[in-house]
file my_file.tsv (TSV, C-alpha atoms)
chain	number	residue	atom	x	y	z
L	1	MET	CA	180.41	68.27	95.73
L	2	LYS	CA	177.53	70.39	94.45
L	3	LEU	CA	177.07	67.95	91.58
L	4	PHE	CA	176.65	65.12	94.08
L	5	TRP	CA	173.97	67.05	95.98
L	6	THR	CA	172.26	68.09	92.76
L	7	ILE	CA	171.93	64.46	91.70
L	8	LEU	CA	170.83	63.46	95.20
L	9	LEU	CA	168.22	66.22	95.23
L	10	PHE	CA	166.87	64.97	91.90
L	11	PHE	CA	166.25	61.47	93.23
L	12	ALA	CA	165.02	62.79	96.59
L	13	VAL	CA	162.27	64.85	94.95
L	14	TYR	CA	160.92	61.78	93.17
L	15	PHE	CA	161.32	59.60	96.27
L	16	TYR	CA	159.35	62.00	98.47
L	17	ARG	CA	156.75	62.56	95.79
L	18	LEU	CA	156.11	58.82	95.61
L	19	LEU	CA	156.22	58.45	99.39
L	20	THR	CA	153.79	61.29	100.03
L	21	ALA	CA	151.44	60.00	97.30
L	22	PHE	CA	151.40	56.57	98.97
L	23	LEU	CA	150.94	57.97	102.49
L	24	SER	CA	148.16	60.26	101.29
L	25	VAL	CA	146.15	57.11	100.60
L	26	VAL	CA	147.25	55.15	103.66
L	27	LEU	CA	146.97	57.87	106.30
L	28	HIS	CA	143.56	59.04	107.35
L	29	ARG	CA	142.90	62.78	107.31
L	30	LYS	CA	142.98	63.54	111.00
L	31	SER	CA	144.41	65.66	113.80
L	32	THR	CA	144.17	65.86	117.55
L	33	THR	CA	141.53	67.94	119.29
L	34	ASP	CA	143.87	70.61	120.62
L	35	GLY	CA	147.13	72.41	119.95
L	36	ILE	CA	148.57	74.75	117.33
L	37	LEU	CA	151.69	74.10	115.26
L	38	PHE	CA	153.60	76.77	113.32
L	39	LEU	CA	155.67	75.49	110.40
L	40	GLU	CA	158.22	78.30	110.10
L	41	ASN	CA	160.95	78.60	107.47
L	42	PHE	CA	163.35	81.09	108.99
L	43	PRO	CA	165.82	80.72	111.89
L	44	VAL	CA	164.88	81.66	115.44
L	45	GLU	CA	166.48	85.13	115.28
L	46	ASN	CA	164.56	86.14	112.17
L	47	ALA	CA	161.86	88.78	112.64
L	48	GLY	CA	159.30	86.66	110.79
L	49	TYR	CA	159.89	83.72	113.13
L	50	GLN	CA	159.65	85.96	116.17
L	51	TYR	CA	156.71	88.20	115.29
L	52	ARG	CA	154.47	85.96	113.18
L	53	ALA	CA	155.09	82.66	114.95
L	54	TYR	CA	156.94	82.60	118.29
L	55	LYS	CA	155.22	85.62	119.85
L	56	TRP	CA	151.86	84.12	118.92
L	57	LYS	CA	152.96	80.85	120.49
L	58	LEU	CA	153.41	82.73	123.77
L	59	GLU	CA	149.95	84.29	123.40
L	60	PHE	CA	148.34	80.90	122.79
L	61	GLU	CA	150.11	79.45	125.81
L	62	LYS	CA	148.90	82.33	127.97
L	63	ASN	CA	145.42	81.32	126.84
L	64	GLY	CA	146.00	77.73	127.96
L	65	GLN	CA	146.62	76.33	124.47
L	66	ARG	CA	149.34	73.83	123.61
L	67	CYS	CA	151.55	75.34	120.89
L	68	ASP	CA	154.82	74.63	119.12
L	69	VAL	CA	156.98	76.30	116.48
L	70	VAL	CA	159.27	74.23	114.28
L	71	THR	CA	161.55	75.45	111.54
L	72	ILE	CA	164.11	73.87	109.23
L	73	PHE	CA	167.36	75.52	110.36
L	74	GLU	CA	167.04	77.07	113.80
L	75	ASP	CA	170.47	78.70	114.07
L	76	LYS	CA	170.95	81.81	111.96
L	77	GLU	CA	174.61	81.11	111.18
L	78	ASP	CA	173.74	77.57	110.13
L	79	PHE	CA	170.90	78.93	107.98
L	80	ASP	CA	173.21	81.45	106.27
L	81	ARG	CA	175.84	78.78	105.61
L	82	GLN	CA	173.34	76.65	103.72
L	83	PHE	CA	173.24	79.05	100.78
L	84	ALA	CA	176.78	78.04	99.80
L	85	ASN	CA	175.35	74.70	98.61
L	86	MET	CA	171.74	75.22	97.59
L	87	PRO	CA	171.04	71.63	96.41
L	88	ARG	CA	172.17	70.30	99.79
L	89	MET	CA	170.03	72.91	101.56
L	90	LEU	CA	166.95	71.94	99.56
L	91	PHE	CA	167.56	68.23	100.20
L	92	ARG	CA	167.92	68.73	103.95
L	93	ALA	CA	164.92	71.04	104.09
L	94	MET	CA	162.71	68.58	102.23
L	95	ARG	CA	163.69	65.69	104.49
L	96	ARG	CA	163.03	67.68	107.67
L	97	ARG	CA	159.80	69.18	106.39
L	98	PHE	CA	158.42	65.73	105.56
L	99	ARG	CA	158.89	64.66	109.18
L	100	GLN	CA	157.29	67.89	110.37
L	101	CYS	CA	154.23	67.25	108.19
L	102	LEU	CA	153.74	63.93	109.99
L	103	TYR	CA	154.29	65.66	113.33
L	104	ALA	CA	151.55	68.13	112.40
L	105	ARG	CA	148.90	65.43	112.88
L	106	ARG	CA	149.38	65.82	116.64
L	107	PHE	CA	147.83	69.31	116.50
L	108	ALA	CA	144.34	70.65	115.87
L	109	ALA	CA	145.56	73.52	113.66
L	110	VAL	CA	148.66	73.96	111.51
L	111	ILE	CA	149.91	77.36	110.36
L	112	VAL	CA	152.27	77.27	107.37
L	113	ARG	CA	154.46	80.35	107.28
L	114	ARG	CA	154.88	81.69	103.73
L	115	GLU	CA	155.76	78.42	101.95
L	116	LEU	CA	156.09	74.84	103.06
L	117	LEU	CA	159.28	74.30	101.05
L	118	GLN	CA	160.90	77.71	100.89
L	119	PHE	CA	163.42	78.31	98.07
L	120	ASN	CA	162.34	74.95	96.57
L	121	ASP	CA	159.96	75.22	93.63
L	122	TYR	CA	160.45	71.63	92.50
L	123	GLY	CA	157.78	68.94	92.54
L	124	ASN	CA	154.79	71.18	91.74
L	125	LEU	CA	153.65	71.73	95.35
L	126	PHE	CA	153.63	68.01	96.20
L	127	MET	CA	154.44	68.62	99.87
L	128	GLU	CA	151.60	71.12	100.27
L	129	LYS	CA	149.18	68.69	98.65
L	130	PHE	CA	150.36	65.98	101.02
L	131	LEU	CA	149.91	68.07	104.16
L	132	LEU	CA	146.46	69.24	103.07
L	133	ARG	CA	145.38	65.65	102.45
L	134	ILE	CA	146.46	64.35	105.85
L	135	HIS	CA	145.36	67.31	107.98
L	136	PRO	CA	141.91	68.99	107.98
L	137	ASN	CA	142.90	72.42	109.34
L	138	VAL	CA	145.92	73.94	107.60
L	139	ILE	CA	146.23	77.73	107.35
L	140	LEU	CA	148.66	79.70	105.19
L	141	ASP	CA	150.16	82.82	106.81
L	142	PHE	CA	152.13	85.45	104.92
L	143	ASP	CA	152.91	89.17	105.11
L	144	ASP	CA	154.66	89.74	101.78
L	145	ASP	CA	153.61	89.30	98.18
L	146	ILE	CA	156.00	86.40	97.65
L	147	SER	CA	154.93	85.94	94.04
L	148	ALA	CA	156.04	89.50	93.23
L	149	ALA	CA	159.33	89.06	95.08
L	150	LYS	CA	160.00	85.91	93.02
L	151	ARG	CA	158.87	87.62	89.81
L	152	GLU	CA	156.16	85.05	89.19
L	153	PRO	CA	154.98	83.81	86.82
L	154	ARG	CA	158.31	82.97	85.28
L	155	GLU	CA	159.25	80.57	82.50
L	156	ILE	CA	161.06	77.35	83.37
L	157	SER	CA	163.71	76.88	80.71
L	158	SER	CA	166.26	74.48	82.22
L	159	LEU	CA	166.00	70.75	81.50
L	160	TYR	CA	166.70	70.00	85.19
L	161	GLY	CA	163.82	72.22	86.25
L	162	LYS	CA	161.43	70.69	83.73
L	163	LEU	CA	162.34	67.14	84.78
L	164	LEU	CA	161.64	68.03	88.41
L	165	GLN	CA	158.41	69.86	87.54
L	166	GLU	CA	159.72	73.20	88.77
L	167	ASN	CA	156.77	75.54	89.18
L	168	GLY	CA	157.27	79.05	87.83
L	169	ASN	CA	154.08	80.29	89.47
L	170	LYS	CA	154.40	78.38	92.73
L	171	PHE	CA	153.13	80.91	95.24
L	172	ASN	CA	150.10	81.98	93.24
L	173	ASP	CA	149.26	78.33	92.63
L	174	SER	CA	149.58	77.60	96.35
L	175	LEU	CA	146.95	80.26	97.05
L	176	ARG	CA	144.49	78.11	95.12
L	177	LEU	CA	145.31	75.02	97.21
L	178	TYR	CA	144.69	76.36	100.70
L	179	THR	CA	141.23	77.30	101.94
L	180	ARG	CA	142.13	79.42	104.99
L	181	PHE	CA	144.59	82.30	105.26
L	182	VAL	CA	146.08	84.79	107.70
L	183	VAL	CA	147.55	87.77	105.83
L	184	GLY	CA	149.27	90.97	106.90
L	185	SER	CA	147.18	93.54	105.02
L	186	ASP	CA	143.95	94.18	103.13
L	187	TYR	CA	146.01	94.32	99.93
L	188	LEU	CA	147.15	90.72	100.45
L	189	LYS	CA	143.61	89.65	101.33
L	190	LYS	CA	142.41	91.00	97.99
L	191	LYS	CA	145.23	89.11	96.29
L	192	VAL	CA	144.15	85.82	97.91
L	193	LEU	CA	140.51	86.31	96.93
L	194	SER	CA	141.46	87.22	93.37
L	195	GLU	CA	143.55	84.05	93.02
L	196	ASN	CA	141.22	81.65	94.85
L	197	LYS	CA	137.63	81.91	93.62
L	198	ASN	CA	136.49	78.96	95.74
L	199	ILE	CA	136.64	80.73	99.09
L	200	GLY	CA	134.87	83.68	100.64
L	201	SER	CA	136.02	86.72	102.57
L	202	ASN	CA	135.46	84.92	105.87
L	203	ASN	CA	138.18	82.42	104.94
L	204	VAL	CA	140.83	85.15	105.08
L	205	THR	CA	141.63	87.23	108.15
L	206	VAL	CA	143.93	90.24	108.23
L	207	VAL	CA	146.39	90.31	111.11
L	208	PRO	CA	149.29	92.80	110.94
L	209	THR	CA	152.79	91.79	111.92
L	210	CYS	CA	152.28	92.88	115.50
L	211	VAL	CA	154.82	94.25	117.96
L	212	ASP	CA	154.82	93.78	121.73
L	213	TYR	CA	156.70	96.82	122.99
L	214	ALA	CA	154.40	97.87	125.85
L	215	GLU	CA	156.85	96.55	128.46
L	216	PHE	CA	159.86	98.24	126.84
L	217	PRO	CA	160.90	101.85	127.53
L	218	GLN	CA	159.82	104.45	125.00
L	219	LYS	CA	162.29	106.59	123.08
L	220	LYS	CA	163.39	109.60	125.19
L	221	TYR	CA	164.00	112.63	123.02
L	222	ASP	CA	166.62	115.21	123.89
L	223	GLN	CA	165.38	118.42	122.29
L	224	THR	CA	168.75	120.08	122.82
L	225	LYS	CA	170.56	117.68	120.47
L	226	THR	CA	172.47	119.36	117.69
L	227	GLU	CA	172.73	116.24	115.50
L	228	ILE	CA	169.68	114.21	114.40
L	229	VAL	CA	169.98	110.46	113.89
L	230	LEU	CA	168.08	109.17	110.89
L	231	GLY	CA	167.68	105.40	111.15
L	232	TRP	CA	166.76	102.40	109.04
L	233	ILE	CA	166.46	98.74	110.06
L	234	GLY	CA	165.92	95.78	107.77
L	235	GLY	CA	167.23	92.79	105.88
L	236	ASN	CA	170.23	92.92	103.58
L	237	HIS	CA	168.00	92.30	100.55
L	238	ASN	CA	166.19	95.59	101.24
L	239	LEU	CA	169.25	97.84	101.61
L	240	HIS	CA	168.83	99.03	98.02
L	241	TYR	CA	165.81	101.09	99.11
L	242	LEU	CA	168.23	103.45	100.87
L	243	ASP	CA	169.77	104.42	97.53
L	244	MET	CA	166.71	106.54	96.69
L	245	LEU	CA	167.38	108.68	99.78
L	246	VAL	CA	170.98	109.60	99.03
L	247	GLY	CA	170.13	112.50	96.69
L	248	PRO	CA	167.57	114.13	99.04
L	249	LEU	CA	169.85	113.63	102.05
L	250	ASN	CA	172.79	115.19	100.21
L	251	MET	CA	170.67	118.30	99.68
L	252	LEU	CA	169.54	118.39	103.31
L	253	ALA	CA	173.09	117.89	104.58
L	254	LYS	CA	173.85	121.44	103.44
L	255	GLU	CA	171.30	122.80	105.91
L	256	PHE	CA	170.96	120.25	108.73
L	257	ARG	CA	173.36	118.25	110.83
L	258	PHE	CA	172.46	114.56	110.86
L	259	ARG	CA	173.85	111.08	110.33
L	260	LEU	CA	172.28	107.93	108.93
L	261	MET	CA	172.37	104.83	111.11
L	262	VAL	CA	171.70	101.58	109.24
L	263	VAL	CA	170.89	98.43	111.22
L	264	ALA	CA	171.38	95.38	109.01
L	265	GLY	CA	173.40	92.22	108.53
L	266	ARG	CA	176.10	93.95	106.46
L	267	ASP	CA	177.45	97.42	105.81
L	268	TYR	CA	175.56	99.87	103.66
L	269	VAL	CA	177.93	101.82	101.43
L	270	ASN	CA	177.07	104.49	98.88
L	271	ASP	CA	179.95	106.40	97.36
L	272	ASN	CA	177.68	109.31	96.42
L	273	ALA	CA	176.67	110.04	100.01
L	274	GLU	CA	177.82	113.41	101.34
L	275	PHE	CA	176.79	112.67	104.93
L	276	VAL	CA	177.90	110.26	107.62
L	277	ILE	CA	176.65	106.67	107.36
L	278	GLU	CA	177.26	104.19	110.13
L	279	THR	CA	176.15	100.57	110.16
L	280	ARG	CA	175.24	98.57	113.25
L	281	ARG	CA	174.87	94.80	113.10
L	282	TRP	CA	171.33	93.63	113.77
L	283	SER	CA	170.61	91.14	116.53
L	284	LEU	CA	167.41	90.15	118.27
L	285	GLU	CA	168.86	91.17	121.62
L	286	THR	CA	169.92	94.68	120.59
L	287	GLU	CA	167.31	95.74	117.99
L	288	LYS	CA	165.08	97.66	120.41
L	289	ASP	CA	167.98	99.63	121.88
L	290	LEU	CA	169.25	100.39	118.40
L	291	ILE	CA	165.84	101.64	117.24
L	292	ARG	CA	165.56	103.85	120.31
L	293	GLY	CA	168.83	105.40	119.13
L	294	PHE	CA	166.99	106.78	116.08
L	295	ASP	CA	165.38	110.20	116.16
L	296	ILE	CA	163.59	109.57	112.87
L	297	GLY	CA	162.96	106.10	111.43
L	298	LEU	CA	162.87	105.77	107.65
L	299	MET	CA	160.85	103.38	105.47
L	300	PRO	CA	161.33	104.09	101.77
L	301	ILE	CA	159.67	101.59	99.42
L	302	GLU	CA	158.61	101.60	95.78
L	303	ASP	CA	155.04	101.67	94.55
L	304	ASN	CA	155.23	98.37	92.68
L	305	ALA	CA	153.96	94.84	93.29
L	306	VAL	CA	156.75	94.09	95.79
L	307	GLY	CA	156.28	97.35	97.69
L	308	ARG	CA	152.49	97.10	97.78
L	309	GLY	CA	152.81	93.60	99.22
L	310	LYS	CA	154.78	94.79	102.26
L	311	CYS	CA	152.99	95.21	105.58
L	312	GLY	CA	154.75	98.12	107.28
L	313	PHE	CA	156.59	96.10	109.91
L	314	LYS	CA	159.68	98.30	110.25
L	315	LEU	CA	157.40	101.35	110.49
L	316	LEU	CA	155.50	99.64	113.32
L	317	GLN	CA	158.80	98.89	115.05
L	318	TYR	CA	159.76	102.56	115.00
L	319	MET	CA	156.36	103.78	116.11
L	320	GLY	CA	155.91	101.09	118.75
L	321	LEU	CA	159.01	102.40	120.52
L	322	GLY	CA	157.87	106.02	120.19
L	323	VAL	CA	160.19	106.95	117.32
L	324	VAL	CA	159.01	109.41	114.67
L	325	GLY	CA	158.51	107.51	111.42
L	326	VAL	CA	158.73	108.72	107.82
L	327	ALA	CA	157.50	106.29	105.17
L	328	THR	CA	156.44	106.08	101.54
L	329	ASP	CA	152.65	106.24	101.25
L	330	VAL	CA	152.13	102.79	99.73
L	331	THR	CA	149.20	100.56	100.81
L	332	ILE	CA	149.31	99.87	104.56
L	333	ASN	CA	151.77	102.67	105.40
L	334	GLY	CA	149.05	105.17	104.57
L	335	GLU	CA	146.72	103.37	106.99
L	336	ILE	CA	149.25	103.30	109.82
L	337	ILE	CA	150.35	106.96	109.62
L	338	ASP	CA	148.06	109.91	110.23
L	339	ASN	CA	150.27	112.38	108.38
L	340	GLY	CA	151.81	114.99	110.63
L	341	LYS	CA	150.26	113.58	113.82
L	342	ASN	CA	151.95	110.23	114.45
L	343	GLY	CA	154.49	110.33	111.62
L	344	PHE	CA	155.06	111.61	108.11
L	345	LEU	CA	154.12	110.28	104.69
L	346	VAL	CA	156.04	110.70	101.44
L	347	ASN	CA	154.28	110.61	98.07
L	348	SER	CA	153.89	107.12	96.64
L	349	ASP	CA	156.24	108.04	93.77
L	350	ASN	CA	158.91	109.07	96.34
L	351	SER	CA	159.16	112.50	94.72
L	352	ASN	CA	159.09	114.62	97.88
L	353	TRP	CA	161.45	112.93	100.33
L	354	CYS	CA	163.51	116.09	100.54
L	355	ASP	CA	160.52	118.26	101.45
L	356	VAL	CA	159.07	115.81	103.97
L	357	LEU	CA	162.40	115.16	105.68
L	358	LYS	CA	163.11	118.88	105.79
L	359	LYS	CA	159.81	119.38	107.60
L	360	ALA	CA	160.53	116.48	109.96
L	361	LEU	CA	164.04	117.75	110.72
L	362	SER	CA	162.62	121.20	111.45
L	363	LEU	CA	160.09	119.95	114.01
L	364	GLN	CA	162.45	118.68	116.68
L	365	ASP	CA	160.32	120.28	119.37
L	366	LYS	CA	157.37	118.10	118.27
L	367	TYR	CA	159.15	114.73	118.38
L	368	VAL	CA	157.91	113.83	121.87
L	369	GLU	CA	154.28	114.49	120.94
L	370	ILE	CA	154.52	112.68	117.60
L	371	GLY	CA	156.36	109.75	119.22
L	372	ASP	CA	153.66	109.48	121.91
L	373	ASN	CA	150.94	109.43	119.26
L	374	ALA	CA	152.83	106.80	117.27
L	375	ARG	CA	153.18	104.48	120.27
L	376	LYS	CA	149.48	104.86	121.10
L	377	THR	CA	148.54	104.01	117.51
L	378	VAL	CA	150.55	100.80	117.61
L	379	SER	CA	149.19	99.83	121.02
L	380	ARG	CA	145.61	100.40	119.88
L	381	LYS	CA	145.75	98.70	116.47
L	382	TYR	CA	148.97	96.81	115.84
L	383	SER	CA	149.89	95.07	119.10
L	384	PHE	CA	149.40	91.41	120.01
L	385	VAL	CA	146.89	92.41	122.69
L	386	ALA	CA	144.82	94.39	120.18
L	387	ASN	CA	144.66	91.48	117.70
L	388	ALA	CA	144.79	88.40	119.96
L	389	GLU	CA	141.06	87.68	120.31
L	390	ARG	CA	140.33	87.89	116.57
L	391	TYR	CA	143.44	85.92	115.63
L	392	MET	CA	142.84	83.09	118.09
L	393	GLU	CA	139.17	82.85	117.22
L	394	PHE	CA	140.03	82.42	113.54
L	395	ILE	CA	142.77	79.84	114.13
L	396	LEU	CA	140.72	77.73	116.52
L	397	SER	CA	137.41	77.91	114.62

call {"tool": "encode", "arguments": {"input": "my_file.tsv", "output": "structure tokens"}}
result
Amino acid sequence: MKLFWTILLFFAVYFYRLLTAFLSVVLHRKSTTDGILFLENFPVENAGYQYRAYKWKLEFEKNGQRCDVVTIFEDKEDFDRQFANMPRMLFRAMRRRFRQCLYARRFAAVIVRRELLQFNDYGNLFMEKFLLRIHPNVILDFDDDISAAKREPREISSLYGKLLQENGNKFNDSLRLYTRFVVGSDYLKKKVLSENKNIGSNNVTVVPTCVDYAEFPQKKYDQTKTEIVLGWIGGNHNLHYLDMLVGPLNMLAKEFRFRLMVVAGRDYVNDNAEFVIETRRWSLETEKDLIRGFDIGLMPIEDNAVGRGKCGFKLLQYMGLGVVGVATDVTINGEIIDNGKNGFLVNSDNSNWCDVLKKALSLQDKYVEIGDNARKTVSRKYSFVANAERYMEFILS
């Protein structure tokens, strides 16, 4: 069955390349005078869909703007099932995305989230070129260094890939196609400007992955607790970051009573752990309650291209709900945390997790104050309200 879909995908890439080339000539470059369309890649429950697309849709609508968010596979279970047959997934995604590109002409501005054809590097960005030819206001939005995550540039060695013009530097090349960008950090803005020499600083705006927790109850700390809950929330692909904490936590377990709560899509297991680990399944409906169950929220990352490209979202989730955060001091994390006042920073080389966590575990009487400061920081700098005017002005300009 996969062979069938592989062959079908091969012919589909060439069919859509020819079709989009023809329509690029036939269709005039136009859009309507109002409305914003988000072209998302992830299912509705995904944090990226919610916090960089759907929540902004609500803000635009509050401001009287027509707005829509479309994605390729809306249901998370359906999305996860697609990976069992990647050629079929890519074929279906390409077909749906083509229709969405035509739909985009009904809007004044189009925001492409991350990539137009995610997971599909075939065709040398033909779909992006098509959309940019038929619409005058297309903006690329991203909050991760996708090129680093995909280890670009990479060599294309397979005959199938070469025949389909698979691009081993797709994301970096896409940065040179677009002329307007919304990025999650100053680090990513510098990356855009280094890749695209034809645009200026005013073509790129920095908007963090905001949280909207003002209407949700803040974490209530019980200073009489005898067991501290250390917590981590994130995608399955990031669970490996927890491995670097096992050694320091083993040392601290001899002195402090705590457990590690992991909120993810699957269990986190480490046979070397000498402390209690429990896993809770993530869901959009329960994530805030689960985070409020943490006493200390953890964000370990590595000081490499992937880590520097991250935008501190899980840290903002902790802090936005008044939870004490401890994070590696890499790029934006060092901007978010005022060390010791609204959270704690670990050296960028992750060498002092044991010392920092020992200090954090010893300051239980300060959690309320630190949590209050954290929530105020997020409200002032990293909320939708704090960023709405600048974001909307850029999109609608």

call {"tool": "closest_atom_pairs", "arguments": {"input": "my_file.tsv", "of": "stretch 302-393 of chain L", "to": "stretch 276-290 of chain L", "cutoff": "12 Å", "atoms": "all atoms listed in the file", "output": "Markdown table"}}
result
| residue | atom | partner | partner_atom | distance |
| --- | --- | --- | --- | --- |
| L:Lys314 | CA | L:Glu287 | CA | 11.2 |
| L:Gln317 | CA | L:Lys288 | CA | 8.3 |
| L:Tyr318 | CA | L:Lys288 | CA | 9.0 |
| L:Met319 | CA | L:Lys288 | CA | 11.5 |
| L:Gly320 | CA | L:Lys288 | CA | 9.9 |
| L:Leu321 | CA | L:Lys288 | CA | 7.7 |
| L:Gly322 | CA | L:Lys288 | CA | 11.0 |
| L:Val323 | CA | L:Lys288 | CA | 10.9 |

call {"tool": "atom_distance", "arguments": {"input": "my_file.tsv", "atom1": "atom CA of L:Arg266", "atom2": "atom CA of L:Pro248"}}
result
23.1 Å

call {"tool": "closest_atom_pairs", "arguments": {"input": "my_file.tsv", "of": "stretch 135-239 of chain L", "to": "stretch 9-17 of chain L", "cutoff": "9 Å", "atoms": "all atoms listed in the file", "output": "Markdown table"}}
result
| residue | atom | partner | partner_atom | distance |
| --- | --- | --- | --- | --- |
| L:Tyr160 | CA | L:Phe10 | CA | 8.4 |
| L:Leu163 | CA | L:Phe10 | CA | 8.7 |
| L:Leu164 | CA | L:Phe10 | CA | 7.0 |

call {"tool": "write_last_selection", "arguments": {"input": "my_file.tsv", "atoms": "C-alpha atoms", "output": "compact mmCIF listing (two decimals), in the coordinates of the input"}}
result
# COMPACT_ATOMS: atom_id res chain seq x y z
CA TYR L 160 166.70 70.00 85.19
CA LEU L 163 162.34 67.14 84.78
CA LEU L 164 161.64 68.03 88.41

call {"tool": "closest_residue", "arguments": {"input": "my_file.tsv", "among": "L:Ile301, L:Asp212, L:Ser194, L:Lys376", "to": "L:His240", "atoms": "only C-alpha atoms"}}
result
L:Ile301

call {"tool": "residues_around", "arguments": {"input": "my_file.tsv", "residues": "L:Val246", "least_positions_apart": "3", "cutoff": "9 Å", "atoms": "all atoms listed in the file", "output": "list of chain:residue names"}}
result
L:Leu242, L:Asp243, L:Leu249, L:Asn250, L:Met251, L:Asn270, L:Asn272, L:Ala273, L:Glu274, L:Phe275

call {"tool": "atom_distance", "arguments": {"input": "my_file.tsv", "atom1": "atom CA of L:Ser158", "atom2": "atom CA of L:Arg95"}}
result
24.1 Å

call {"tool": "build_atoms", "arguments": {"input": "my_file.tsv", "residues": "stretch 265-280 of chain L", "atoms": "N, CA and C atoms", "output": "PDB file, in the frame of the given file"}}
result
ATOM      1  N   GLY L 265     172.447  93.317 108.381  1.00  0.00           N
ATOM      2  CA  GLY L 265     173.400  92.220 108.530  1.00  0.00           C
ATOM      3  C   GLY L 265     174.736  92.484 107.868  1.00  0.00           C
ATOM      4  N   ARG L 266     174.825  93.566 107.094  1.00  0.00           N
ATOM      5  CA  ARG L 266     176.100  93.950 106.460  1.00  0.00           C
ATOM      6  C   ARG L 266     176.122  95.458 106.303  1.00  0.00           C
ATOM      7  N   ASP L 267     177.295  95.984 105.947  1.00  0.00           N
ATOM      8  CA  ASP L 267     177.450  97.420 105.810  1.00  0.00           C
ATOM      9  C   ASP L 267     176.666  97.955 104.615  1.00  0.00           C
ATOM     10  N   TYR L 268     176.140  99.158 104.792  1.00  0.00           N
ATOM     11  CA  TYR L 268     175.560  99.870 103.660  1.00  0.00           C
ATOM     12  C   TYR L 268     176.551 100.933 103.230  1.00  0.00           C
ATOM     13  N   VAL L 269     176.947 100.879 101.970  1.00  0.00           N
ATOM     14  CA  VAL L 269     177.930 101.820 101.430  1.00  0.00           C
ATOM     15  C   VAL L 269     177.368 102.459 100.173  1.00  0.00           C
ATOM     16  N   ASN L 270     177.454 103.767 100.096  1.00  0.00           N
ATOM     17  CA  ASN L 270     177.070 104.490  98.880  1.00  0.00           C
ATOM     18  C   ASN L 270     178.086 105.599  98.672  1.00  0.00           C
ATOM     19  N   ASP L 271     178.859 105.466  97.612  1.00  0.00           N
ATOM     20  CA  ASP L 271     179.950 106.400  97.360  1.00  0.00           C
ATOM     21  C   ASP L 271     179.484 107.812  97.049  1.00  0.00           C
ATOM     22  N   ASN L 272     178.205 107.973  96.740  1.00  0.00           N
ATOM     23  CA  ASN L 272     177.680 109.310  96.420  1.00  0.00           C
ATOM     24  C   ASN L 272     177.208 110.067  97.652  1.00  0.00           C
ATOM     25  N   ALA L 273     177.189 109.397  98.794  1.00  0.00           N
ATOM     26  CA  ALA L 273     176.670 110.040 100.010  1.00  0.00           C
ATOM     27  C   ALA L 273     177.612 111.131 100.491  1.00  0.00           C
ATOM     28  N   GLU L 274     177.045 112.293 100.819  1.00  0.00           N
ATOM     29  CA  GLU L 274     177.820 113.410 101.340  1.00  0.00           C
ATOM     30  C   GLU L 274     177.479 113.667 102.810  1.00  0.00           C
ATOM     31  N   PHE L 275     177.133 112.622 103.514  1.00  0.00           N
ATOM     32  CA  PHE L 275     176.790 112.670 104.930  1.00  0.00           C
ATOM     33  C   PHE L 275     177.321 111.400 105.587  1.00  0.00           C
ATOM     34  N   VAL L 276     177.331 111.389 106.884  1.00  0.00           N
ATOM     35  CA  VAL L 276     177.900 110.260 107.620  1.00  0.00           C
ATOM     36  C   VAL L 276     176.922 109.088 107.625  1.00  0.00           C
ATOM     37  N   ILE L 277     177.429 107.912 107.277  1.00  0.00           N
ATOM     38  CA  ILE L 277     176.650 106.670 107.360  1.00  0.00           C
ATOM     39  C   ILE L 277     177.377 105.725 108.310  1.00  0.00           C
ATOM     40  N   GLU L 278     176.669 105.207 109.277  1.00  0.00           N
ATOM     41  CA  GLU L 278     177.260 104.190 110.130  1.00  0.00           C
ATOM     42  C   GLU L 278     176.328 102.979 110.161  1.00  0.00           C
ATOM     43  N   THR L 279     176.922 101.802 110.161  1.00  0.00           N
ATOM     44  CA  THR L 279     176.150 100.570 110.160  1.00  0.00           C
ATOM     45  C   THR L 279     176.324  99.847 111.489  1.00  0.00           C
ATOM     46  N   ARG L 280     175.218  99.400 112.049  1.00  0.00           N
ATOM     47  CA  ARG L 280     175.240  98.570 113.250  1.00  0.00           C
ATOM     48  C   ARG L 280     174.689  97.194 112.873  1.00  0.00           C
TER      49      ARG L 280
END
